[in-house]
Amino acid sequence: MRPDVEALLDVLLLQLCFFSGLRISTDFLFVTMGDQKEELKKIITTLALKNDEIQNFISALKQMLINVEENSARVQQDLEQEFTSLYTILDELKDTMLTRIKQERASKTYDLQSQLSACTKALESSEELLEQANQTLCSAESEGFREAAKQIKDSVTMAPAFRLSLKAKVSDNMSHLMVDFTQEKQMLQALTFLPVPGTPEIDVSECLVADNCITLVWRISEGDSKIDHYDLEYRRTNHEGPLRAKEDYPWMVVEGVRETEYTLSGLKFDTRYMIFRVKACNKAVAGEFSEPVTLETSAFVFKLDASSSHQNLRVDDMSVEWDATGGKVQEIRKDGKNRTASPLNSPARSVVMSPKRMPTPRGGRDRFTAESYTVLGDALIDSGQHYWEVRFDKESKAFAVGVAFRNLGKFDQLGKTNASWCLHLNNWLQVSFTAKHNNKAKTLEVPVPDRIGVYCNFEEGYLSFYNARTKQLIHSFKTKFSQPVLPAFMVWNGSFSVQTGLQVPSAVKCLQKRNSGTSSSTTSLT
């Protein structure tokens with residue numbers, strides 16, 4: 001607080017005590033003045049905040065005034081352009097219709113003038129014949145009367161007046177070129193600014209969530225005929241209920257949707273729900289968003305547990321790569337040069353060793369060791385149906401995918417004990433593709449896919465493997481899981497990546513339902 005303000009407070013408080021006739025101790029006076037100072041500090045802080053708030057609001061109002069000028073100028077220009085375009089269309093239409101009238105007038109005028117000229121000539125010829133006939137009649141007693149009468153008769157027969165049509169070739173009526181713009185005038189008089197589009201309503205009963213795709217369907221009132229397109233927004237969330245002010249995920253926008261439905265495909269369902277809303281737009285303005293709709297997007301999501309992985313496996317998010325130098329340390333040679341040595345002080349070898357012979361003792365944080373080049377998922381499966389996919393390098397010396405109990409031993413290899421089930425690819429020495437469990441293996445006579453889908457139905461005891469691209473069944477275990485299981489993977493001299501957040505594909509559901517309750521040779525290892 002400023003010193004002059006504090007001094008002023010002290011003087012005011014002393015005067016107040018003097019005029020009120022109060023006798024107060026120095027301690028009491030000090031406490032009272034201290035309280036007053038604190039109160040005044042709060043008031044000053046409140047006033048300062050309020051002043052900042054008002055100042056910000058004033059700045060916002062000034063900016064709004066500027067925006068009003070800019071926006072009004074813009075819409076005025078747009079309006080003038082629209083009317084200019086309308087005038088241009090009307091002028092072009094007027095010119096076209098006037099040209100049609102002029103052409104019609106010229107055509108009728110030409111025909112009538114031609115007919116008039118022909119009739120005039122016929123009339124002149126007929127009048128000459130009439131005069132000649134009268135003169136001949138007057139001289140009936142003459143010797144040449146008979147011959148003259150015969151000539152007149154022949155001339156009349158060939159006269160144009162008797163070969164001329166006395167019906168006009170064209171009509172003088174131009175009513176077929178009349179116009180009635182009553183309806184158009186009414187439409188022009190009804191011209192106004194574009195209305196704000198109505199608010200769509202998402203029809204939850206028609207929406208579909210399947211195969212990591214979501215189809216949204218909505219309705220709009222029939223009166224909104226000026227709608228140009230729709231804008232759809234969605235975001236992921238783990239909270240059910242009304243929209244919250246803060247969410248962990250942003251809104252994603254799909255613009256320019258022309259129909260009243262839209263399908264989002266290729267989604268990763270890594271949250272429990274997705275929220276959707278949609279608004280209608282015309283060429284000028286957008287309407288209000290629909291009431292948000294929350295759809296459940298449940299799927300099996302897990303991460304790879306790096307703390308359980310073998311030291312020779314480099315885990316990077318959802319990818320794993322074999323690292324031959326994993327767990328090795330640097331030692332100083334007598335000649336002063338560094339060299340890489342294994343924990344057993346054996347020299348680094350340039351040749352690839354068999355996993356059965358690779359001496360790799362367990363490090364401090366590693367879960368698996370020795371020949372068990374394994375990493376587990378971090379999410380237990382203790383109920384329900386789940387599905388995930390793994391893409392692996394087909395040139396890996398060895399690879400396995402399956403599930404295992406949480407208590408799988410640190411030296412245990414997948415499929416070698418009754419605590420794990422897996423598909424195993426071996427490219428070391430002898431190529432094989434097998435299903436393994438409890439140290440039993442069954443050779444699979446199918447092409448090795450580059451991506452495998454894993455389906456686990458805990459209650460029914462199904463563990464099935466599919467070609468992730470074609471959804472063709474590769475192998476299925478039928479067992480009874482005595483305890484929860486974890487996704488499990490193994491790789492030696494190779495790499496793989498895992499994709500989670502997937503729903504059980506519809507094709508897999510159909511195949512599992514069809515195979516449920518039927519015996520198959522593919523389940524013989526259980």
# chains A, B, ... in the order shown; residues from 1 in each chain; ligands from 1
call {"tool": "select_by_dssp", "arguments": {"residues": "segment 17-265 of chain A", "states": "helix (DSSP H, G or I)", "output": "VMD selection string"}}
result
chain A and resid 17 to 19 26 to 138 145 to 157 160 to 162 175 to 177 182 to 189 204 to 206
call {"tool": "residues_around", "arguments": {"residues": "Pro197 of chain A", "least_positions_apart": "5", "cutoff": "9 Å", "atoms": "only C-alpha atoms", "output": "VMD selection string"}}
result
chain A and resid 224 to 227 279 to 282 285 to 288
call {"tool": "closest_atom_pairs", "arguments": {"of": "segment 119-171 of chain A", "to": "segment 87-108 of chain A", "cutoff": "10 Å", "atoms": "only C-alpha atoms", "output": "tab-separated table"}}
result
residue	atom	partner	partner_atom	distance
A:Lys169	CA	A:Lys108	CA	8.6
A:Val170	CA	A:Lys108	CA	6.3
A:Ser171	CA	A:Lys108	CA	7.7
call {"tool": "select_by_dssp", "arguments": {"residues": "segment 405-476 of chain A", "states": "strand (DSSP E or B)", "output": "number ranges by chain"}}
result
A: 405, 420-426, 432-437, 440-443, 451-457, 462-467, 473-476
call {"tool": "residues_around", "arguments": {"residues": "Pro242 of chain A", "least_positions_apart": "5", "cutoff": "12 Å", "atoms": "only C-alpha atoms", "output": "PDB file with all heavy atoms, in the first residue's frame"}}
result
ATOM      1  N   THR A 237     -14.517 -38.617 -24.623  1.00  0.00           N
ATOM      2  CA  THR A 237     -14.617 -38.307 -23.206  1.00  0.00           C
ATOM      3  C   THR A 237     -14.760 -39.599 -22.413  1.00  0.00           C
ATOM      4  O   THR A 237     -15.187 -40.628 -22.949  1.00  0.00           O
ATOM      5  CB  THR A 237     -15.813 -37.383 -22.914  1.00  0.00           C
ATOM      6  OG1 THR A 237     -15.856 -37.066 -21.519  1.00  0.00           O
ATOM      7  CG2 THR A 237     -17.123 -38.061 -23.287  1.00  0.00           C
ATOM      8  N   GLU A 247     -12.584 -30.349 -20.872  1.00  0.00           N
ATOM      9  CA  GLU A 247     -12.465 -31.748 -21.253  1.00  0.00           C
ATOM     10  C   GLU A 247     -11.017 -32.015 -21.655  1.00  0.00           C
ATOM     11  O   GLU A 247     -10.267 -31.106 -22.005  1.00  0.00           O
ATOM     12  CB  GLU A 247     -13.399 -32.077 -22.430  1.00  0.00           C
ATOM     13  CG  GLU A 247     -14.856 -32.231 -22.044  1.00  0.00           C
ATOM     14  CD  GLU A 247     -15.161 -33.547 -21.342  1.00  0.00           C
ATOM     15  OE1 GLU A 247     -14.242 -34.387 -21.241  1.00  0.00           O
ATOM     16  OE2 GLU A 247     -16.312 -33.724 -20.904  1.00  0.00           O
ATOM     17  N   ILE A 275     -19.009 -37.744 -27.709  1.00  0.00           N
ATOM     18  CA  ILE A 275     -20.101 -36.782 -27.699  1.00  0.00           C
ATOM     19  C   ILE A 275     -20.241 -36.189 -29.103  1.00  0.00           C
ATOM     20  O   ILE A 275     -19.237 -35.854 -29.739  1.00  0.00           O
ATOM     21  CB  ILE A 275     -19.850 -35.663 -26.677  1.00  0.00           C
ATOM     22  CG1 ILE A 275     -19.629 -36.255 -25.283  1.00  0.00           C
ATOM     23  CG2 ILE A 275     -21.009 -34.680 -26.641  1.00  0.00           C
ATOM     24  CD1 ILE A 275     -19.227 -35.224 -24.243  1.00  0.00           C
ATOM     25  N   PHE A 276     -21.470 -36.053 -29.563  1.00  0.00           N
ATOM     26  CA  PHE A 276     -21.732 -35.546 -30.908  1.00  0.00           C
ATOM     27  C   PHE A 276     -22.736 -34.396 -30.847  1.00  0.00           C
ATOM     28  O   PHE A 276     -23.632 -34.380 -30.012  1.00  0.00           O
ATOM     29  CB  PHE A 276     -22.298 -36.656 -31.803  1.00  0.00           C
ATOM     30  CG  PHE A 276     -21.359 -37.809 -31.998  1.00  0.00           C
ATOM     31  CD1 PHE A 276     -21.348 -38.865 -31.094  1.00  0.00           C
ATOM     32  CD2 PHE A 276     -20.489 -37.836 -33.066  1.00  0.00           C
ATOM     33  CE1 PHE A 276     -20.484 -39.924 -31.261  1.00  0.00           C
ATOM     34  CE2 PHE A 276     -19.623 -38.897 -33.240  1.00  0.00           C
ATOM     35  CZ  PHE A 276     -19.613 -39.944 -32.339  1.00  0.00           C
ATOM     36  N   GLU A 291     -28.865 -30.630 -29.440  1.00  0.00           N
ATOM     37  CA  GLU A 291     -28.545 -31.125 -28.111  1.00  0.00           C
ATOM     38  C   GLU A 291     -27.474 -32.210 -28.242  1.00  0.00           C
ATOM     39  O   GLU A 291     -27.582 -33.104 -29.077  1.00  0.00           O
ATOM     40  CB  GLU A 291     -29.789 -31.705 -27.438  1.00  0.00           C
ATOM     41  CG  GLU A 291     -30.780 -30.667 -26.963  1.00  0.00           C
ATOM     42  CD  GLU A 291     -30.214 -29.798 -25.856  1.00  0.00           C
ATOM     43  OE1 GLU A 291     -29.471 -30.334 -25.003  1.00  0.00           O
ATOM     44  OE2 GLU A 291     -30.481 -28.588 -25.859  1.00  0.00           O
ATOM     45  N   PRO A 292     -26.398 -32.129 -27.449  1.00  0.00           N
ATOM     46  CA  PRO A 292     -25.333 -33.130 -27.586  1.00  0.00           C
ATOM     47  C   PRO A 292     -25.830 -34.524 -27.239  1.00  0.00           C
ATOM     48  O   PRO A 292     -26.665 -34.702 -26.337  1.00  0.00           O
ATOM     49  CB  PRO A 292     -24.263 -32.653 -26.605  1.00  0.00           C
ATOM     50  CG  PRO A 292     -24.990 -31.780 -25.635  1.00  0.00           C
ATOM     51  CD  PRO A 292     -26.114 -31.145 -26.394  1.00  0.00           C
ATOM     52  N   VAL A 293     -25.324 -35.492 -27.960  1.00  0.00           N
ATOM     53  CA  VAL A 293     -25.674 -36.898 -27.749  1.00  0.00           C
ATOM     54  C   VAL A 293     -24.406 -37.658 -27.393  1.00  0.00           C
ATOM     55  O   VAL A 293     -23.375 -37.506 -28.062  1.00  0.00           O
ATOM     56  CB  VAL A 293     -26.328 -37.489 -29.014  1.00  0.00           C
ATOM     57  CG1 VAL A 293     -26.424 -39.007 -28.909  1.00  0.00           C
ATOM     58  CG2 VAL A 293     -27.709 -36.888 -29.216  1.00  0.00           C
ATOM     59  N   THR A 294     -24.480 -38.460 -26.378  1.00  0.00           N
ATOM     60  CA  THR A 294     -23.337 -39.257 -25.934  1.00  0.00           C
ATOM     61  C   THR A 294     -23.557 -40.710 -26.311  1.00  0.00           C
ATOM     62  O   THR A 294     -24.581 -41.305 -25.953  1.00  0.00           O
ATOM     63  CB  THR A 294     -23.137 -39.138 -24.412  1.00  0.00           C
ATOM     64  OG1 THR A 294     -22.940 -37.755 -24.063  1.00  0.00           O
ATOM     65  CG2 THR A 294     -21.919 -39.937 -23.968  1.00  0.00           C
TER      66      THR A 294
END
call {"tool": "closest_atom_pairs", "arguments": {"of": "segment 115-204 of chain A", "to": "segment 78-84 of chain A", "cutoff": "12 Å", "atoms": "only C-alpha atoms", "output": "Markdown table"}}
result
| residue | atom | partner | partner_atom | distance |
| --- | --- | --- | --- | --- |
| A:Leu188 | CA | A:Phe83 | CA | 11.0 |
| A:Leu191 | CA | A:Phe83 | CA | 10.7 |
| A:Thr192 | CA | A:Leu79 | CA | 10.5 |
| A:Phe193 | CA | A:Leu79 | CA | 9.3 |
| A:Leu194 | CA | A:Leu79 | CA | 11.3 |
call {"tool": "decode", "arguments": {"residues": "segment 400-415 of chain A", "atoms": "all heavy atoms", "output": "compact mmCIF listing (two decimals), in the first residue's frame"}}
result
# COMPACT_ATOMS: atom_id res chain seq x y z
N ALA A 400 5.61 -64.43 -31.27
CA ALA A 400 4.45 -65.10 -30.69
C ALA A 400 3.48 -64.06 -30.17
O ALA A 400 3.89 -62.98 -29.72
CB ALA A 400 4.86 -66.05 -29.58
N VAL A 401 2.19 -64.40 -30.22
CA VAL A 401 1.15 -63.53 -29.69
C VAL A 401 0.09 -64.41 -29.05
O VAL A 401 -0.24 -65.48 -29.57
CB VAL A 401 0.53 -62.64 -30.80
CG1 VAL A 401 -0.02 -63.48 -31.94
CG2 VAL A 401 -0.56 -61.74 -30.23
N GLY A 402 -0.43 -63.96 -27.91
CA GLY A 402 -1.46 -64.73 -27.22
C GLY A 402 -1.84 -64.08 -25.92
O GLY A 402 -1.82 -62.84 -25.80
N VAL A 403 -2.19 -64.90 -24.93
CA VAL A 403 -2.51 -64.41 -23.59
C VAL A 403 -1.78 -65.27 -22.58
O VAL A 403 -1.37 -66.40 -22.87
CB VAL A 403 -4.03 -64.42 -23.31
CG1 VAL A 403 -4.77 -63.51 -24.27
CG2 VAL A 403 -4.58 -65.85 -23.36
N ALA A 404 -1.66 -64.70 -21.37
CA ALA A 404 -0.96 -65.44 -20.30
C ALA A 404 -1.52 -65.02 -18.97
O ALA A 404 -2.06 -63.91 -18.82
CB ALA A 404 0.54 -65.17 -20.36
N PHE A 405 -1.40 -65.92 -17.99
CA PHE A 405 -1.74 -65.56 -16.63
C PHE A 405 -0.72 -64.54 -16.11
O PHE A 405 0.44 -64.50 -16.58
CB PHE A 405 -1.75 -66.79 -15.73
CG PHE A 405 -2.87 -67.75 -16.05
CD1 PHE A 405 -2.68 -69.12 -15.90
CD2 PHE A 405 -4.10 -67.29 -16.47
CE1 PHE A 405 -3.70 -70.02 -16.19
CE2 PHE A 405 -5.13 -68.17 -16.75
CZ PHE A 405 -4.92 -69.54 -16.62
N ARG A 406 -1.14 -63.77 -15.14
CA ARG A 406 -0.25 -62.76 -14.58
C ARG A 406 0.96 -63.39 -13.90
O ARG A 406 2.03 -62.79 -13.83
CB ARG A 406 -1.03 -61.88 -13.60
CG ARG A 406 -0.22 -60.74 -13.00
CD ARG A 406 -1.10 -59.68 -12.37
NE ARG A 406 -2.12 -60.26 -11.51
CZ ARG A 406 -3.05 -59.54 -10.88
NH1 ARG A 406 -3.08 -58.24 -11.05
NH2 ARG A 406 -3.94 -60.11 -10.12
N ASN A 407 0.79 -64.59 -13.41
CA ASN A 407 1.90 -65.24 -12.69
C ASN A 407 2.82 -66.04 -13.61
O ASN A 407 3.55 -66.92 -13.15
CB ASN A 407 1.35 -66.15 -11.59
CG ASN A 407 0.46 -67.25 -12.16
OD1 ASN A 407 0.27 -67.35 -13.36
ND2 ASN A 407 -0.10 -68.08 -11.27
N LEU A 408 2.78 -65.76 -14.91
CA LEU A 408 3.69 -66.43 -15.83
C LEU A 408 5.13 -66.20 -15.37
O LEU A 408 5.55 -65.07 -15.12
CB LEU A 408 3.51 -65.87 -17.25
CG LEU A 408 4.38 -66.49 -18.34
CD1 LEU A 408 4.00 -67.93 -18.58
CD2 LEU A 408 4.28 -65.67 -19.62
N GLY A 409 5.91 -67.28 -15.24
CA GLY A 409 7.25 -67.19 -14.70
C GLY A 409 8.18 -66.36 -15.57
O GLY A 409 8.01 -66.28 -16.79
N LYS A 410 9.16 -65.75 -14.95
CA LYS A 410 10.05 -64.87 -15.69
C LYS A 410 10.92 -65.64 -16.68
O LYS A 410 11.47 -65.04 -17.61
CB LYS A 410 10.92 -64.08 -14.73
CG LYS A 410 11.90 -64.91 -13.91
CD LYS A 410 12.71 -64.02 -12.99
CE LYS A 410 13.71 -64.83 -12.17
NZ LYS A 410 14.51 -63.96 -11.28
N PHE A 411 11.09 -66.93 -16.48
CA PHE A 411 11.86 -67.74 -17.43
C PHE A 411 10.95 -68.46 -18.44
O PHE A 411 11.46 -69.09 -19.36
CB PHE A 411 12.69 -68.78 -16.68
CG PHE A 411 13.73 -68.19 -15.76
CD1 PHE A 411 13.51 -68.15 -14.39
CD2 PHE A 411 14.90 -67.66 -16.27
CE1 PHE A 411 14.46 -67.61 -13.54
CE2 PHE A 411 15.85 -67.11 -15.42
CZ PHE A 411 15.63 -67.08 -14.05
N ASP A 412 9.64 -68.40 -18.24
CA ASP A 412 8.70 -69.18 -19.06
C ASP A 412 8.52 -68.54 -20.44
O ASP A 412 8.27 -67.33 -20.55
CB ASP A 412 7.34 -69.28 -18.37
CG ASP A 412 7.41 -70.08 -17.10
OD1 ASP A 412 8.39 -70.82 -16.94
OD2 ASP A 412 6.48 -69.96 -16.27
N GLN A 413 8.61 -69.36 -21.46
CA GLN A 413 8.33 -68.91 -22.81
C GLN A 413 6.85 -69.13 -23.11
O GLN A 413 6.23 -70.05 -22.59
CB GLN A 413 9.19 -69.67 -23.82
CG GLN A 413 10.68 -69.49 -23.60
CD GLN A 413 11.49 -70.28 -24.60
OE1 GLN A 413 11.09 -70.42 -25.76
NE2 GLN A 413 12.62 -70.82 -24.17
N LEU A 414 6.29 -68.25 -23.97
CA LEU A 414 4.87 -68.36 -24.28
C LEU A 414 4.57 -69.71 -24.92
O LEU A 414 5.27 -70.17 -25.83
CB LEU A 414 4.45 -67.24 -25.23
CG LEU A 414 4.48 -65.81 -24.68
CD1 LEU A 414 3.95 -64.82 -25.71
CD2 LEU A 414 3.68 -65.70 -23.39
N GLY A 415 3.51 -70.36 -24.42
CA GLY A 415 3.08 -71.64 -24.96
C GLY A 415 3.79 -72.84 -24.38
O GLY A 415 3.43 -73.98 -24.67
